[in-house]
Amino acid sequence: MKSRDFSSWIWGDALALLHQAERMQRQMLQSAQAASHAWEPPVDIIESASQLLVIVALPGVCADQVVVSFDPDGITVSGVRPIPAGYNAHIHRLEIPYGQFRRRIRLPLHTLEPDEPRLADGCLILTLNKLRETP
């Protein structure tokens, strides 16, 4: 009876798993690049008796990089946060999302009147005044 060499069998399984992991990583990177937007900024919505306040966290994004559009069903905030350029260094970690962003906020805008959007302390602030109902 022949003895079995388990080391070659285990090595073959390990290589197959590594190849599968590489394929999955390539597929994820390709689907991420094909997506129309890479990330969605977090949003807070606060309501008072007279207005609705929408706060969109956009630290590091310049005002000229942000586009706010209103339609009857809600608000769309889009733009881009570029990767900081000019550094002659190796990147060790990127936890802050960069690239294009887009956030859709569904609101009944037929009952709200938006003020001029403003960017303050790294946040886009949208003030929406409630319209008074006429009897």
# chains A, B, ... in the order shown; residues from 1 in each chain; ligands from 1
$ select_by_dssp --residues "chain A" --states "strand (DSSP E)" --output "PyMOL selection string"
chain A and resi 43-47+51-57+66-71+74-81+99-106+112-114+118-120+123-130
$ select_by_dssp --residues "chain A" --states "helix (DSSP H, G or I)" --output "PyMOL selection string"
chain A and resi 6-34+63-65+109-111
$ write_last_selection --atoms "C-alpha atoms" --output "tab-separated table (two decimals), in the first residue's frame"
chain	number	residue	atom	x	y	z
A	6	PHE	CA	-0.85	15.18	2.11
A	7	SER	CA	1.48	18.20	1.80
A	8	SER	CA	1.03	18.45	-1.99
A	9	TRP	CA	-2.74	18.05	-1.65
A	10	ILE	CA	-3.00	20.84	0.98
A	11	TRP	CA	-0.67	23.04	-1.07
A	12	GLY	CA	-2.89	22.62	-4.13
A	13	ASP	CA	-5.99	23.58	-2.15
A	14	ALA	CA	-4.24	26.66	-0.75
A	15	LEU	CA	-3.21	27.80	-4.24
A	16	ALA	CA	-6.76	27.32	-5.55
A	17	LEU	CA	-8.10	29.47	-2.68
A	18	LEU	CA	-5.54	32.20	-3.42
A	19	HIS	CA	-6.52	32.24	-7.12
A	20	GLN	CA	-10.20	32.45	-6.16
A	21	ALA	CA	-9.49	35.38	-3.79
A	22	GLU	CA	-7.58	37.23	-6.53
A	23	ARG	CA	-10.48	36.75	-8.98
A	24	MET	CA	-12.98	38.07	-6.43
A	25	GLN	CA	-10.79	41.12	-5.72
A	26	ARG	CA	-10.51	41.93	-9.44
A	27	GLN	CA	-14.29	41.59	-9.85
A	28	MET	CA	-14.96	43.93	-6.91
A	29	LEU	CA	-12.53	46.54	-8.20
A	30	GLN	CA	-14.03	46.43	-11.69
A	31	SER	CA	-17.60	46.79	-10.38
A	32	ALA	CA	-16.54	49.68	-8.12
A	33	GLN	CA	-14.95	51.50	-11.05
A	34	ALA	CA	-18.04	50.95	-13.18
A	63	ALA	CA	-18.00	74.74	-2.31
A	64	ASP	CA	-17.33	74.85	-6.06
A	65	GLN	CA	-17.19	71.02	-6.11
A	109	LEU	CA	-40.64	69.68	-1.69
A	110	HIS	CA	-44.13	70.86	-2.69
A	111	THR	CA	-44.60	71.72	1.01
$ residues_around --residues "Leu128 of chain A" --least-positions-apart "3" --cutoff "12 Å" --atoms "only C-alpha atoms" --output "PyMOL selection string"
chain A and resi 45-55+70+74-75+107-117+125+131
$ write_last_selection --atoms "N, CA, C and O atoms" --output "short mmCIF file (atom, residue, chain, number, x, y, z; two decimals), in the first residue's frame"
data_model
loop_
_atom_site.label_atom_id
_atom_site.label_comp_id
_atom_site.auth_asym_id
_atom_site.auth_seq_id
_atom_site.Cartn_x
_atom_site.Cartn_y
_atom_site.Cartn_z
N ILE A 45 -31.22 64.98 9.24
CA ILE A 45 -32.40 65.78 8.92
C ILE A 45 -33.09 66.11 10.23
O ILE A 45 -33.46 65.21 11.00
N ILE A 46 -33.24 67.41 10.49
CA ILE A 46 -33.80 67.90 11.75
C ILE A 46 -35.01 68.77 11.42
O ILE A 46 -34.91 69.68 10.60
N GLU A 47 -36.13 68.48 12.08
CA GLU A 47 -37.36 69.22 11.80
C GLU A 47 -37.79 70.04 13.01
O GLU A 47 -37.80 69.56 14.13
N SER A 48 -38.14 71.29 12.74
CA SER A 48 -38.74 72.15 13.77
C SER A 48 -40.14 72.51 13.31
O SER A 48 -40.60 72.04 12.27
N ALA A 49 -40.81 73.36 14.04
CA ALA A 49 -42.18 73.73 13.69
C ALA A 49 -42.24 74.51 12.39
O ALA A 49 -43.22 74.40 11.64
N SER A 50 -41.19 75.27 12.06
CA SER A 50 -41.24 76.13 10.88
C SER A 50 -40.31 75.72 9.73
O SER A 50 -40.44 76.24 8.63
N GLN A 51 -39.37 74.81 9.98
CA GLN A 51 -38.44 74.46 8.91
C GLN A 51 -37.86 73.07 9.08
O GLN A 51 -37.98 72.44 10.14
N LEU A 52 -37.24 72.63 8.00
CA LEU A 52 -36.53 71.36 7.96
C LEU A 52 -35.07 71.70 7.67
O LEU A 52 -34.78 72.47 6.76
N LEU A 53 -34.17 71.14 8.44
CA LEU A 53 -32.74 71.39 8.27
C LEU A 53 -32.08 70.09 7.80
O LEU A 53 -32.21 69.06 8.46
N VAL A 54 -31.42 70.14 6.65
CA VAL A 54 -30.70 68.99 6.11
C VAL A 54 -29.22 69.31 6.18
O VAL A 54 -28.77 70.30 5.61
N ILE A 55 -28.46 68.47 6.90
CA ILE A 55 -27.02 68.68 7.06
C ILE A 55 -26.31 67.50 6.41
O ILE A 55 -26.52 66.34 6.78
N PHE A 70 -32.77 70.54 -6.87
CA PHE A 70 -34.08 70.31 -6.26
C PHE A 70 -35.04 69.86 -7.35
O PHE A 70 -35.03 70.39 -8.45
N GLY A 74 -37.56 65.59 -4.19
CA GLY A 74 -36.49 65.68 -3.21
C GLY A 74 -35.28 66.46 -3.69
O GLY A 74 -35.35 67.26 -4.61
N ILE A 75 -34.17 66.17 -3.04
CA ILE A 75 -32.91 66.89 -3.25
C ILE A 75 -31.84 65.90 -3.65
O ILE A 75 -31.78 64.79 -3.12
N LEU A 107 -37.83 64.05 -0.23
CA LEU A 107 -38.61 64.95 0.62
C LEU A 107 -39.78 65.50 -0.20
O LEU A 107 -39.63 65.71 -1.41
N PRO A 108 -40.89 65.79 0.43
CA PRO A 108 -42.02 66.41 -0.29
C PRO A 108 -41.77 67.90 -0.47
O PRO A 108 -42.24 68.73 0.31
N LEU A 109 -41.03 68.28 -1.50
CA LEU A 109 -40.64 69.68 -1.69
C LEU A 109 -41.83 70.58 -2.05
O LEU A 109 -41.70 71.80 -1.97
N HIS A 110 -42.98 70.01 -2.40
CA HIS A 110 -44.13 70.86 -2.69
C HIS A 110 -44.64 71.55 -1.42
O HIS A 110 -45.36 72.52 -1.50
N THR A 111 -44.21 71.08 -0.24
CA THR A 111 -44.60 71.72 1.01
C THR A 111 -43.45 72.51 1.64
O THR A 111 -43.58 73.02 2.75
N LEU A 112 -42.31 72.57 0.93
CA LEU A 112 -41.12 73.23 1.48
C LEU A 112 -40.55 74.23 0.48
O LEU A 112 -40.63 74.03 -0.72
N GLU A 113 -39.95 75.28 1.00
CA GLU A 113 -39.30 76.28 0.17
C GLU A 113 -37.83 76.39 0.59
O GLU A 113 -37.53 76.82 1.70
N PRO A 114 -36.90 76.01 -0.29
CA PRO A 114 -35.49 76.01 0.09
C PRO A 114 -34.87 77.40 0.13
O PRO A 114 -35.16 78.25 -0.71
N ASP A 115 -34.01 77.61 1.13
CA ASP A 115 -33.15 78.80 1.18
C ASP A 115 -31.89 78.48 0.37
O ASP A 115 -31.70 77.36 -0.09
N GLU A 116 -31.01 79.46 0.26
CA GLU A 116 -29.74 79.27 -0.44
C GLU A 116 -28.87 78.27 0.35
O GLU A 116 -28.66 78.44 1.54
N PRO A 117 -28.36 77.21 -0.31
CA PRO A 117 -27.47 76.27 0.39
C PRO A 117 -26.20 76.96 0.84
O PRO A 117 -25.71 77.88 0.18
N ILE A 125 -25.29 72.82 4.49
CA ILE A 125 -26.50 73.06 5.27
C ILE A 125 -27.60 73.56 4.35
O ILE A 125 -27.44 74.60 3.69
N LEU A 131 -44.02 75.69 4.10
CA LEU A 131 -45.01 76.61 3.55
C LEU A 131 -46.25 76.57 4.42
O LEU A 131 -46.70 75.51 4.85
#
$ atom_distance --atom1 "atom CA of Gly79 of chain A" --atom2 "atom CA of Glu95 of chain A"
18.5 Å
